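Have a look at final.txt below; it lists compact mmCIF, C-alpha atoms and all ligand atoms.
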# COMPACT_ATOMS: atom_id res chain seq x y z
CA MET A 786 0.00 0.00 0.00
CA ARG A 787 1.06 3.61 -0.55
CA VAL A 788 2.59 5.14 2.54
CA PRO A 789 1.68 8.83 2.90
CA ASN A 790 4.54 11.32 2.66
CA VAL A 791 4.75 12.03 6.36
CA HIS A 792 8.18 13.58 5.82
CA ASP A 793 6.58 16.28 3.67
CA PRO A 794 5.47 19.23 5.86
CA GLU A 795 2.62 19.92 3.44
CA PHE A 796 1.10 16.52 4.17
CA TRP A 797 0.39 17.72 7.71
CA GLN A 798 -0.87 21.08 6.55
CA GLY A 799 -3.76 19.45 4.69
CA GLU A 800 -6.23 16.86 5.97
CA PRO A 801 -3.96 13.95 6.98
CA ASP A 802 -6.36 11.94 9.15
CA GLN A 803 -8.04 9.87 6.42
CA GLU A 804 -4.72 8.76 4.93
CA LEU A 805 -3.32 8.03 8.37
CA ALA A 806 -6.37 5.87 9.15
CA GLU A 807 -5.87 3.87 5.94
CA LEU A 808 -2.21 3.37 6.79
CA ARG A 809 -3.04 2.24 10.34
CA ARG A 810 -5.64 -0.24 9.12
CA GLY A 811 -3.68 -1.49 6.12
CA CYS A 812 -0.10 -1.46 7.31
CA PRO A 813 0.56 -0.33 10.89
CA VAL A 814 4.31 -0.93 10.38
CA ALA A 815 5.37 0.28 6.92
CA LEU A 816 8.62 1.18 5.15
CA LEU A 817 8.63 4.66 3.62
CA GLY A 818 11.29 3.88 1.03
CA ASP A 819 11.93 7.44 -0.24
CA ALA A 820 12.51 8.77 3.24
CA GLY A 821 14.46 5.72 4.45
CA PHE A 822 12.43 5.18 7.59
CA TRP A 823 9.56 3.08 8.93
CA THR A 824 6.21 4.49 9.96
CA ILE A 825 4.46 3.04 13.00
CA ALA A 826 0.74 3.87 13.02
CA GLY A 827 -0.78 1.49 15.61
CA HIS A 828 -1.31 2.44 19.27
CA ASP A 829 -0.07 -0.92 20.63
CA GLU A 830 3.14 -0.84 18.60
CA ILE A 831 3.96 2.73 19.69
CA VAL A 832 3.41 1.86 23.35
CA ARG A 833 5.69 -1.14 23.03
CA ILE A 834 8.48 0.82 21.31
CA SER A 835 8.29 3.73 23.75
CA LYS A 836 8.49 1.45 26.79
CA ASP A 837 11.62 -0.37 25.62
CA PRO A 838 14.42 2.21 25.30
CA ALA A 839 17.13 -0.49 25.32
CA THR A 840 15.82 -1.83 22.00
CA PHE A 841 14.51 1.47 20.66
CA SER A 842 16.99 4.27 21.30
CA SER A 843 16.50 8.05 21.15
CA ALA A 844 20.22 8.81 20.74
CA LYS A 845 20.29 8.91 16.93
CA GLY A 846 17.33 11.24 16.53
CA VAL A 847 13.71 11.65 17.58
CA LEU A 848 12.31 13.96 14.92
CA ILE A 849 11.48 13.32 11.29
CA GLY A 850 13.63 16.42 10.63
CA ASP A 851 16.60 14.81 12.43
CA ARG A 852 17.16 12.65 9.34
CA LYS A 853 18.62 15.76 7.69
CA ARG A 854 21.26 16.55 10.32
CA THR A 855 23.75 15.06 12.74
CA VAL A 856 22.34 14.51 16.19
CA THR A 857 24.51 14.73 19.30
CA GLY A 858 23.32 13.17 22.52
CA THR A 859 24.16 16.25 24.57
CA GLU A 860 21.77 18.65 22.90
CA SER A 861 18.61 17.76 24.75
CA ILE A 862 17.16 15.28 27.22
CA LEU A 863 15.01 14.05 24.33
CA TYR A 864 18.08 12.35 22.79
CA VAL A 865 19.40 10.67 25.92
CA ASP A 866 18.83 6.98 26.75
CA PRO A 867 18.77 5.39 30.21
CA PRO A 868 20.60 5.19 32.56
CA ARG A 869 21.86 8.76 31.91
CA HIS A 870 18.32 9.84 31.05
CA VAL A 871 17.03 8.97 34.52
CA ALA A 872 19.65 11.19 36.16
CA MET A 873 18.97 14.11 33.80
CA ARG A 874 15.26 13.88 34.27
CA ARG A 875 15.59 13.97 38.05
CA ILE A 876 17.23 17.41 37.81
CA VAL A 877 14.29 19.23 36.28
CA ASN A 878 11.56 16.93 37.56
CA ARG A 879 11.13 18.87 40.77
CA GLY A 880 10.07 21.90 38.78
CA PHE A 881 7.25 19.94 37.19
CA THR A 882 5.69 17.73 39.87
CA VAL A 883 1.89 17.79 40.18
CA ARG A 884 2.22 19.72 43.46
CA ARG A 885 4.70 22.22 42.09
CA VAL A 886 2.63 22.84 38.98
CA ALA A 887 -0.56 23.22 41.05
CA GLN A 888 1.25 25.92 43.08
CA LEU A 889 1.70 27.87 39.85
CA THR A 890 -2.08 28.14 39.38
CA PRO A 891 -2.47 31.69 40.79
CA ILE A 892 0.41 32.99 38.64
CA LEU A 893 -1.05 31.32 35.58
CA GLU A 894 -4.53 32.68 36.31
CA GLY A 895 -3.01 36.14 36.54
CA ILE A 896 -1.18 35.70 33.22
CA VAL A 897 -4.35 34.45 31.48
CA ALA A 898 -6.46 37.30 32.91
CA ASP A 899 -3.89 39.91 31.76
CA VAL A 900 -3.69 38.37 28.28
CA LEU A 901 -7.49 38.24 27.88
CA ASP A 902 -8.02 41.72 29.41
CA ALA A 903 -5.75 43.17 26.72
CA ILE A 904 -8.10 42.03 23.92
CA ASP A 905 -11.01 44.06 22.56
CA PRO A 906 -13.58 41.23 22.28
CA GLU A 907 -15.76 43.12 19.82
CA GLU A 908 -12.99 43.32 17.22
CA PRO A 909 -11.62 40.38 15.22
CA VAL A 910 -8.19 39.25 16.46
CA ASP A 911 -5.74 36.52 15.57
CA ALA A 912 -6.17 34.21 18.56
CA VAL A 913 -2.73 32.70 17.99
CA ASP A 914 -1.03 36.06 18.55
CA ALA A 915 -3.48 37.32 21.15
CA ILE A 916 -4.01 34.23 23.34
CA CYS A 917 -2.42 30.94 22.30
CA ALA A 918 1.20 32.08 21.89
CA PRO A 919 1.56 34.52 24.82
CA VAL A 920 0.17 32.32 27.62
CA PRO A 921 2.70 29.44 27.38
CA ILE A 922 5.58 31.78 26.60
CA LEU A 923 4.89 34.01 29.62
CA MET A 924 4.56 30.96 31.81
CA ILE A 925 7.78 29.21 30.79
CA ALA A 926 9.66 32.52 30.89
CA HIS A 927 8.42 32.96 34.46
CA MET A 928 9.54 29.42 35.35
CA LEU A 929 12.97 29.92 33.76
CA GLY A 930 13.34 33.34 35.37
CA VAL A 931 13.62 35.30 32.09
CA PRO A 932 13.03 39.05 32.52
CA ALA A 933 9.89 40.44 30.87
CA GLU A 934 11.81 42.83 28.59
CA ASP A 935 13.44 39.85 26.84
CA LEU A 936 10.13 38.19 26.00
CA PRO A 937 9.74 39.42 22.39
CA THR A 938 13.17 38.00 21.51
CA PHE A 939 12.21 34.84 23.34
CA ARG A 940 9.24 34.31 21.06
CA THR A 941 11.32 34.97 17.91
CA TRP A 942 13.81 32.33 19.03
CA SER A 943 11.12 29.86 19.93
CA ASP A 944 9.42 30.18 16.53
CA ALA A 945 12.66 29.92 14.55
CA ILE A 946 13.90 26.91 16.50
CA ALA A 947 10.56 25.12 16.08
CA ILE A 948 10.67 25.70 12.29
CA ALA A 949 14.24 24.40 12.25
CA ALA A 950 12.94 21.10 13.65
CA THR A 951 11.24 20.53 10.30
CA ASP A 952 13.70 22.34 8.07
CA PRO A 953 17.14 22.98 9.54
CA THR A 954 18.92 25.80 7.64
CA ASP A 955 22.04 27.88 8.41
CA PRO A 956 20.13 31.08 9.31
CA ARG A 957 17.97 29.08 11.70
CA ALA A 958 21.07 27.50 13.20
CA MET A 959 22.35 31.06 13.77
CA VAL A 960 19.20 31.84 15.76
CA ALA A 961 19.97 28.84 17.95
CA ILE A 962 23.45 30.30 18.51
CA ASP A 963 21.94 33.62 19.69
CA PHE A 964 19.75 31.63 22.03
CA PHE A 965 22.74 29.71 23.41
CA VAL A 966 24.81 32.89 23.88
CA TYR A 967 21.93 34.50 25.82
CA PHE A 968 21.36 31.50 28.06
CA ASN A 969 25.07 30.89 28.52
CA ALA A 970 25.34 34.37 30.08
CA ARG A 971 22.27 33.81 32.25
CA LEU A 972 23.56 30.42 33.43
CA ASP A 973 26.93 32.03 34.29
CA ALA A 974 25.20 34.74 36.28
CA ARG A 975 23.03 32.23 38.07
CA ALA A 976 25.96 29.98 38.95
CA ASP A 977 27.67 33.00 40.61
CA ASP A 978 24.54 34.16 42.44
CA PRO A 979 25.00 33.61 46.22
CA ASP A 980 21.23 33.72 46.81
CA PRO A 981 19.63 32.33 43.64
CA PRO A 982 15.85 32.36 43.19
CA ASP A 983 14.01 29.03 43.30
CA ASP A 984 13.43 28.59 39.58
CA LEU A 985 14.31 26.19 36.78
CA LEU A 986 17.57 27.92 35.83
CA THR A 987 18.77 27.47 39.40
CA ALA A 988 17.77 23.79 39.31
CA ILE A 989 19.71 23.35 36.07
CA THR A 990 22.86 25.17 37.26
CA ALA A 991 22.79 23.57 40.71
CA ASP A 992 23.58 20.13 39.31
CA ALA A 993 27.33 19.66 39.16
CA GLU A 994 27.05 16.68 36.83
CA LEU A 995 25.50 18.49 33.89
CA THR A 996 27.89 19.85 31.29
CA ARG A 997 27.23 23.37 30.03
CA ALA A 998 26.13 21.89 26.68
CA GLU A 999 23.56 19.77 28.53
CA GLN A 1000 22.38 22.77 30.55
CA LEU A 1001 21.86 24.74 27.35
CA GLY A 1002 20.11 21.76 25.78
CA PHE A 1003 17.71 21.77 28.72
CA CYS A 1004 16.90 25.45 28.25
CA MET A 1005 16.29 24.86 24.57
CA SER A 1006 14.02 21.84 25.08
CA LEU A 1007 12.03 23.64 27.76
CA LEU A 1008 11.56 26.64 25.51
CA VAL A 1009 10.54 24.81 22.37
CA ALA A 1010 8.80 21.79 23.89
CA GLY A 1011 6.87 23.99 26.26
CA ASN A 1012 5.80 26.74 23.95
CA GLU A 1013 4.82 25.67 20.52
CA THR A 1014 3.06 22.52 21.68
CA THR A 1015 0.81 24.22 24.21
CA ARG A 1016 0.13 27.04 21.75
CA HIS A 1017 -1.21 24.55 19.21
CA LEU A 1018 -3.20 22.68 21.82
CA ILE A 1019 -5.02 25.90 22.72
CA SER A 1020 -5.50 27.08 19.12
CA GLY A 1021 -6.65 23.65 17.95
CA GLY A 1022 -8.95 23.41 20.98
CA LEU A 1023 -10.58 26.76 20.20
CA VAL A 1024 -11.28 25.53 16.65
CA ALA A 1025 -12.56 22.12 17.81
CA LEU A 1026 -15.01 23.70 20.28
CA ALA A 1027 -16.25 26.19 17.68
CA GLU A 1028 -16.87 23.28 15.32
CA HIS A 1029 -18.82 21.44 18.05
CA PRO A 1030 -21.02 24.16 19.59
CA ASP A 1031 -23.17 21.69 21.54
CA GLN A 1032 -20.10 20.39 23.34
CA ARG A 1033 -18.83 23.92 23.89
CA ALA A 1034 -22.16 24.82 25.52
CA GLN A 1035 -21.89 21.74 27.74
CA LEU A 1036 -18.45 22.87 28.95
CA ALA A 1037 -19.58 26.44 29.53
CA GLN A 1038 -22.40 25.11 31.68
CA ASP A 1039 -20.34 22.57 33.61
CA GLU A 1040 -16.70 23.58 34.12
CA SER A 1041 -15.91 20.29 35.83
CA LEU A 1042 -15.90 18.77 32.32
CA ILE A 1043 -13.01 20.97 31.17
CA PRO A 1044 -10.07 18.74 32.28
CA GLY A 1045 -11.62 15.80 30.37
CA ALA A 1046 -12.21 18.09 27.39
CA VAL A 1047 -8.52 19.06 27.44
CA GLU A 1048 -7.60 15.35 27.22
CA GLU A 1049 -9.87 15.01 24.21
CA MET A 1050 -8.30 18.09 22.61
CA LEU A 1051 -4.89 16.51 23.15
CA ARG A 1052 -6.04 13.32 21.45
CA TRP A 1053 -7.88 15.14 18.67
CA ILE A 1054 -5.18 17.64 17.81
CA THR A 1055 -2.08 15.64 18.77
CA PRO A 1056 0.11 18.79 18.81
CA ILE A 1057 3.29 16.70 18.35
CA VAL A 1058 2.38 14.45 15.45
CA ALA A 1059 5.32 12.05 15.61
CA MET A 1060 8.54 11.12 17.38
CA ALA A 1061 11.13 8.53 16.36
CA ARG A 1062 13.43 5.83 17.74
CA THR A 1063 16.26 3.76 16.25
CA ALA A 1064 16.27 -0.05 16.61
CA THR A 1065 19.46 -1.13 18.41
CA CYS A 1066 19.17 -4.77 17.21
CA PRO A 1067 17.11 -6.77 14.71
CA VAL A 1068 13.58 -6.86 16.13
CA THR A 1069 9.98 -7.71 15.23
CA VAL A 1070 7.49 -4.85 15.53
CA GLY A 1071 3.80 -5.59 15.03
CA GLY A 1072 4.68 -8.82 13.18
CA THR A 1073 7.19 -7.11 10.85
CA ASP A 1074 10.95 -7.71 11.05
CA VAL A 1075 13.11 -4.59 11.07
CA ASP A 1076 16.92 -4.45 10.95
CA ALA A 1077 19.24 -2.97 13.55
CA GLY A 1078 19.68 0.74 12.76
CA SER A 1079 16.15 1.14 11.35
CA TYR A 1080 14.60 4.55 12.04
CA LEU A 1081 11.05 4.10 13.33
CA VAL A 1082 8.72 7.10 13.18
CA MET A 1083 5.90 6.71 15.71
CA LEU A 1084 2.86 8.47 14.29
CA TYR A 1085 1.02 9.58 17.43
CA ALA A 1086 -1.49 11.34 15.21
CA ALA A 1087 -2.49 7.96 13.72
CA ALA A 1088 -2.41 6.07 17.02
CA ASN A 1089 -4.68 8.63 18.67
CA ARG A 1090 -7.51 7.62 16.33
CA ASP A 1091 -6.90 3.86 16.60
CA GLU A 1092 -10.31 2.12 16.68
CA ALA A 1093 -8.79 -0.85 18.53
CA VAL A 1094 -8.24 1.46 21.52
CA PHE A 1095 -10.77 4.30 21.16
CA GLY A 1096 -13.64 2.27 19.69
CA SER A 1097 -15.80 2.81 16.62
CA ASP A 1098 -16.19 6.52 17.41
CA ALA A 1099 -12.42 7.13 17.44
CA ASP A 1100 -12.83 9.77 14.74
CA LYS A 1101 -15.43 11.75 16.72
CA PHE A 1102 -14.56 14.65 19.01
CA ASP A 1103 -16.18 13.89 22.37
CA VAL A 1104 -15.33 16.02 25.40
CA THR A 1105 -16.77 13.35 27.72
CA ARG A 1106 -14.62 10.51 26.33
CA SER A 1107 -13.44 8.21 29.13
CA PRO A 1108 -11.08 6.44 29.33
CA ASN A 1109 -8.84 8.39 27.00
CA PRO A 1110 -5.41 6.74 26.80
CA HIS A 1111 -4.10 9.10 24.10
CA LEU A 1112 -0.41 9.30 23.29
CA ALA A 1113 -0.20 13.06 22.76
CA PHE A 1114 2.43 13.31 25.52
CA GLY A 1115 4.22 10.12 24.43
CA ILE A 1116 4.56 7.26 26.91
CA GLY A 1117 7.30 5.48 28.87
CA GLU A 1118 10.75 6.85 29.61
CA HIS A 1119 10.40 10.16 27.76
CA PHE A 1120 6.76 10.87 28.72
CA CYS A 1121 6.34 14.62 28.49
CA LEU A 1122 7.89 16.39 31.44
CA GLY A 1123 5.55 19.34 31.01
CA ALA A 1124 2.29 17.37 30.72
CA GLN A 1125 0.82 18.70 33.99
CA LEU A 1126 1.78 22.24 33.10
CA ALA A 1127 0.29 22.02 29.59
CA ARG A 1128 -2.91 20.53 31.01
CA LEU A 1129 -3.18 23.29 33.58
CA GLU A 1130 -2.52 26.04 31.02
CA ALA A 1131 -5.22 24.69 28.71
CA LYS A 1132 -7.66 24.25 31.59
CA VAL A 1133 -7.21 27.82 32.83
CA VAL A 1134 -7.44 29.30 29.31
CA PHE A 1135 -10.60 27.40 28.34
CA THR A 1136 -12.26 28.04 31.69
CA GLU A 1137 -11.68 31.77 31.38
CA VAL A 1138 -12.50 32.05 27.66
CA LEU A 1139 -15.77 30.14 28.11
CA ARG A 1140 -16.73 32.23 31.15
CA ARG A 1141 -16.19 35.44 29.22
CA TRP A 1142 -17.11 34.55 25.65
CA PRO A 1143 -18.98 31.22 25.36
CA HIS A 1144 -20.24 32.16 21.89
CA TYR A 1145 -16.92 33.18 20.32
CA ARG A 1146 -16.84 32.78 16.57
CA VAL A 1147 -13.98 31.48 14.42
CA LEU A 1148 -13.81 33.61 11.27
CA ASP A 1149 -12.66 32.83 7.73
CA GLY A 1150 -8.94 32.70 7.13
CA VAL A 1151 -7.77 29.96 9.52
CA LYS A 1152 -4.35 28.82 8.29
CA ARG A 1153 -2.44 25.72 9.25
CA GLY A 1154 1.34 25.66 9.37
CA ALA A 1155 3.49 23.15 7.50
CA SER A 1156 5.57 21.05 9.90
CA THR A 1157 6.60 17.44 10.31
CA LEU A 1158 6.65 17.88 14.08
CA LEU A 1159 3.73 20.05 15.12
CA ARG A 1160 0.07 20.17 14.14
CA GLU A 1161 0.02 23.92 13.84
CA THR A 1162 -2.67 26.55 13.58
CA ALA A 1163 -0.64 29.41 12.15
CA THR A 1164 -3.45 32.00 12.02
CA LEU A 1165 -6.76 31.87 13.85
CA PRO A 1166 -9.03 34.86 13.17
CA ILE A 1167 -11.64 34.99 15.90
CA LEU A 1168 -14.39 37.29 17.18
CA LEU A 1169 -14.68 36.70 20.88
CA GLN A 1170 -17.89 38.58 21.48
CA PRO A 1171 -20.05 38.46 18.37
CA ARG A 1172 -23.05 40.82 18.25
CA ASN A 1173 -26.06 38.74 17.31
C1 LIG B 1 0.30 20.26 24.67
C2 LIG B 1 1.51 20.40 25.07
C3 LIG B 1 2.60 19.37 24.94
C4 LIG B 1 2.68 18.25 24.15
C5 LIG B 1 1.65 17.73 23.17
C6 LIG B 1 3.95 17.62 24.43
C7 LIG B 1 4.37 16.43 23.86
C8 LIG B 1 5.51 15.75 24.22
C9 LIG B 1 5.88 14.45 23.72
C10 LIG B 1 5.10 13.64 22.71
C11 LIG B 1 7.05 14.10 24.33
C12 LIG B 1 7.75 12.74 24.20
C13 LIG B 1 8.99 12.74 23.35
C14 LIG B 1 9.54 11.35 23.12
O1 LIG B 1 8.97 10.35 23.55
O2 LIG B 1 10.59 11.26 22.46
C15 LIG B 1 7.43 15.21 25.18
C16 LIG B 1 8.58 15.25 25.94
C17 LIG B 1 8.97 16.38 26.61
N1 LIG B 1 8.23 17.51 26.86
FE1 LIG B 1 6.38 17.90 26.19
N2 LIG B 1 4.62 18.37 25.34
C18 LIG B 1 3.83 19.45 25.69
C19 LIG B 1 4.12 20.44 26.62
C20 LIG B 1 5.31 20.55 27.27
C21 LIG B 1 5.64 21.60 28.21
C22 LIG B 1 4.69 22.70 28.66
C23 LIG B 1 6.93 21.39 28.59
C24 LIG B 1 7.80 22.14 29.53
C25 LIG B 1 7.66 23.36 29.88
C26 LIG B 1 7.39 20.18 27.91
C27 LIG B 1 8.64 19.63 28.05
C28 LIG B 1 9.00 18.39 27.58
C29 LIG B 1 10.32 17.81 27.80
C30 LIG B 1 11.48 18.44 28.56
C31 LIG B 1 10.29 16.54 27.20
C32 LIG B 1 11.42 15.52 27.17
C33 LIG B 1 11.21 14.53 28.28
C34 LIG B 1 12.24 13.43 28.24
O3 LIG B 1 12.91 13.24 27.24
O4 LIG B 1 12.33 12.74 29.27
N3 LIG B 1 6.38 19.71 27.13
N4 LIG B 1 6.47 16.20 25.12
Would you put the structure from the file into C-alpha cells?
Ligand code: HEM
Amino acid sequence: MRVPNVHDPEFWQGEPDQELAELRRGCPVALLGDAGFWTIAGHDEIVRISKDPATFSSAKGVLIGDRKRTVTGTESILYVDPPRHVAMRRIVNRGFTVRRVAQLTPILEGIVADVLDAIDPEEPVDAVDAICAPVPILMIAHMLGVPAEDLPTFRTWSDAIAIAATDPTDPRAMVAIDFFVYFNARLDARADDPDPPDDLLTAITADAELTRAEQLGFCMSLLVAGNETTRHLISGGLVALAEHPDQRAQLAQDESLIPGAVEEMLRWITPIVAMARTATCPVTVGGTDVDAGSYLVMLYAAANRDEAVFGSDADKFDVTRSPNPHLAFGIGEHFCLGAQLARLEAKVVFTEVLRRWPHYRVLDGVKRGASTLLRETATLPILLQPRN
C-alpha cells in the first residue's frame, strides 16, 4: 500500500487523518522507502516501542527532521537513553511535579487574565497572537526566570527553532546560537549568584554533573517543547469547540468537564504528530521484522484515532470521552515532562475564555502551518464577542 509522505510538511498542513487511518488499518508498520524510515501507526506498537528504550533508542534522533542533520546526545534530554536519562530527568523533575505545577495556578490565572483583558472582544483578532502564543511563553519565561523585557526575543527564538525542527537551515542554526549565547550568560550569572531564586535555571545550574552543553540543551528543550506545543493545543482546541457548539455549551455550563475536554483536545489535535526511535538490534514490531539501525517514526497522530483502543467513534470529538489513553504526551521513559503544566494552562485558558465569551466565533482565514513535528494553527481569526 502507498505510505503517505509524512516527511513532507505539506502533508500535515492538509487533511492527513483519512490517509493516516488507511495506513493504520492497512499497514501499521510500513517502510517509507523514499525517506528511508519506517512508519508506526498502531497504538499498541507505539506503546511497546516507547516502553523499551534499550531496543529502541533516542540517541540517533527523535524527529522526522533529524534525518537531515547530525544529532549529538548532549543537545537535549530528548536524545538521551537510560541510565543517563534517569539522572537528567531527576534534575528538572522537581520543577514539574503535580504539586509544584498546582502551586503555579495563581500565577497562571493572573497571566491568562492579563492576556485576555488586553483584547477588545468586539474586534476580530488573531487568537494565535493574542491568546495561544503569549500564555505558554509568559509561563515558561516565568519558570525559567527570564526578565519580561526579553520576551519578544524569546518568542522569535522559539518560533525559529521550532521551524528548524522541520527544516534545519544555516540562518535558523544562527538563531539557535543567539539563544545559546543569551542562556550561557544567564547560566553564568546564576551559577555565581549567592542567593539564587528558586526557579528552573537554578535547578539546572545547581547540578554539578550536567555539562554546560547539557544545561543549554535543557533550556532549549524547555523553551521549544513547552511553547509551541501548548500554543497549538489551545488554538486547535478553540477551533474544535467552535466546530462542536453543543459540546462547547456543555463545557460552559459545567466547568468540571473541562479537564476531560482538554484530554480530548490533546487526542484530537495531537500537537506533536510524531517522534522517532532507532532499533538497536534486529527486532519484530507488530509482526514485521526490522533491521538494527532502522529509524522508526511513531505516528502519534495515527495512534490517537486507533479504533482498537478508542472504539468505533475514534474519529469523533467527544469532550466526555473516558477512558482516553491518548499518546499526545508520548509514553514510557520520555513521557512529556511538562504534561501537567500544559494541562493546567489549557484548563485555565478554556475556563476563562468560556466564562467570558462562550459564543466566540472562528472567522474565515484559519491557516495551518506546515511542519513534520507540530500540528500547527498558524493564524486563527476569531471574534470573541459576536453581536447577534
Ligand atoms: C500540549 C503540550 C505538549 C505536548 C503535546 C507535548 C508532547 C511531548 C511528547 C510527545 C514528548 C515525548 C517525546 C519522546 O517520547 O521522544 C514530550 C517530551 C517532553 N516535553 Fe512535552 N509536550 C507538551 C508540553 C510541554 C511543556 C509545557 C513542557 C515544559 C515546559 C514540555 C517539556 C518536555 C520535555 C522536557 C520533554 C522531554 C522529556 C524526556 O525526554 O524525558 N512539554 N512532550
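Between atom CA of A:Ala991 and atom N2 of ligand LIG 1 (chain B) lies a distance of 24.4 Å.
Inspection of the environment of ligand LIG 1 (chain B), which uses all atoms listed in the file and a cut-off of 6 Å, identifies the neighbouring residues as A:Val847, A:Ile862, A:Leu863, A:Arg874, A:Ile925, A:Ser1006, A:Leu1007, A:Ala1010, A:Gly1011, A:Thr1014, A:Thr1015, A:Leu1018, A:Pro1056, A:Ile1057, A:Met1060, A:Ala1113, A:Phe1114, A:Gly1115, A:His1119, A:Phe1120, A:Cys1121, A:Leu1122, A:Gly1123, A:Ala1124, A:Leu1126, A:Ala1127.
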Find, counting all atoms listed in the file, the residue in A:Gly811, A:Gly846, A:Pro868, A:Pro789 that gets nearest to A:Glu1118. A:Pro868
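Using all atoms listed in the file, the contacts of stretch 933-947 of chain A at a cut-off of 9 Å, with sequence neighbours closer than 2 positions omitted, comprise Ala918, Pro919, Ile922, Leu923, Ala926, His927, Val931, Ala949, Ala950, Thr951, Pro953, Arg957, Ala958, Val960, Ala961, Asp963, Phe964, Met1005, Leu1008, Val1009, Ala1010, Asn1012, Glu1013, Ser1156, Leu1158 and Leu1159 of chain A.
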Please identify all polymer residues within 12 Å of A:Arg869, counting all atoms listed in the file, omitting same-chain residues fewer than 3 positions from it, and present them as a JSON list (two decimals) with C-alpha atoms, in the coordinates of the input.
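As a result, result13.json now contains:
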[["chain", "number", "residue", "atom", "x", "y", "z"],
["A", 838, "PRO", "CA", 14.42, 2.21, 25.30],
["A", 844, "ALA", "CA", 20.22, 8.81, 20.74],
["A", 858, "GLY", "CA", 23.32, 13.17, 22.52],
["A", 859, "THR", "CA", 24.16, 16.25, 24.57],
["A", 861, "SER", "CA", 18.61, 17.76, 24.75],
["A", 862, "ILE", "CA", 17.16, 15.28, 27.22],
["A", 863, "LEU", "CA", 15.01, 14.05, 24.33],
["A", 864, "TYR", "CA", 18.08, 12.35, 22.79],
["A", 865, "VAL", "CA", 19.40, 10.67, 25.92],
["A", 866, "ASP", "CA", 18.83, 6.98, 26.75],
["A", 872, "ALA", "CA", 19.65, 11.19, 36.16],
["A", 873, "MET", "CA", 18.97, 14.11, 33.80],
["A", 874, "ARG", "CA", 15.26, 13.88, 34.27],
["A", 875, "ARG", "CA", 15.59, 13.97, 38.05],
["A", 876, "ILE", "CA", 17.23, 17.41, 37.81],
["A", 994, "GLU", "CA", 27.05, 16.68, 36.83],
["A", 995, "LEU", "CA", 25.50, 18.49, 33.89],
["A", 999, "GLU", "CA", 23.56, 19.77, 28.53],
["A", 1118, "GLU", "CA", 10.75, 6.85, 29.61]]
Leaving out A:Thr990 and any residue of its chain fewer than 3 positions from it, which residues lie within 8 Å of it when counting only C-alpha atoms, given as a PDB file with C-alpha atoms, in the coordinates of the input?
ATOM      1  CA  LEU A 972      23.560  30.420  33.430  1.00  0.00           C
ATOM      2  CA  ARG A 975      23.030  32.230  38.070  1.00  0.00           C
ATOM      3  CA  ALA A 976      25.960  29.980  38.950  1.00  0.00           C
ATOM      4  CA  LEU A 986      17.570  27.920  35.830  1.00  0.00           C
ATOM      5  CA  THR A 987      18.770  27.470  39.400  1.00  0.00           C
ATOM      6  CA  ALA A 993      27.330  19.660  39.160  1.00  0.00           C
ATOM      7  CA  LEU A 995      25.500  18.490  33.890  1.00  0.00           C
ATOM      8  CA  GLN A1000      22.380  22.770  30.550  1.00  0.00           C
TER       9      GLN A1000
END
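Distances from A:Ala815, A:Val1075, A:Val1134, A:Ile831 to A:Leu893 were compared using only C-alpha atoms, and the smallest one belongs to A:Val1134.
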One residue among A:Asp984, A:Glu1130, A:Asp1103, A:Asp837 is nearest to A:Arg1033 when using all atoms listed in the file, and that residue is A:Asp1103
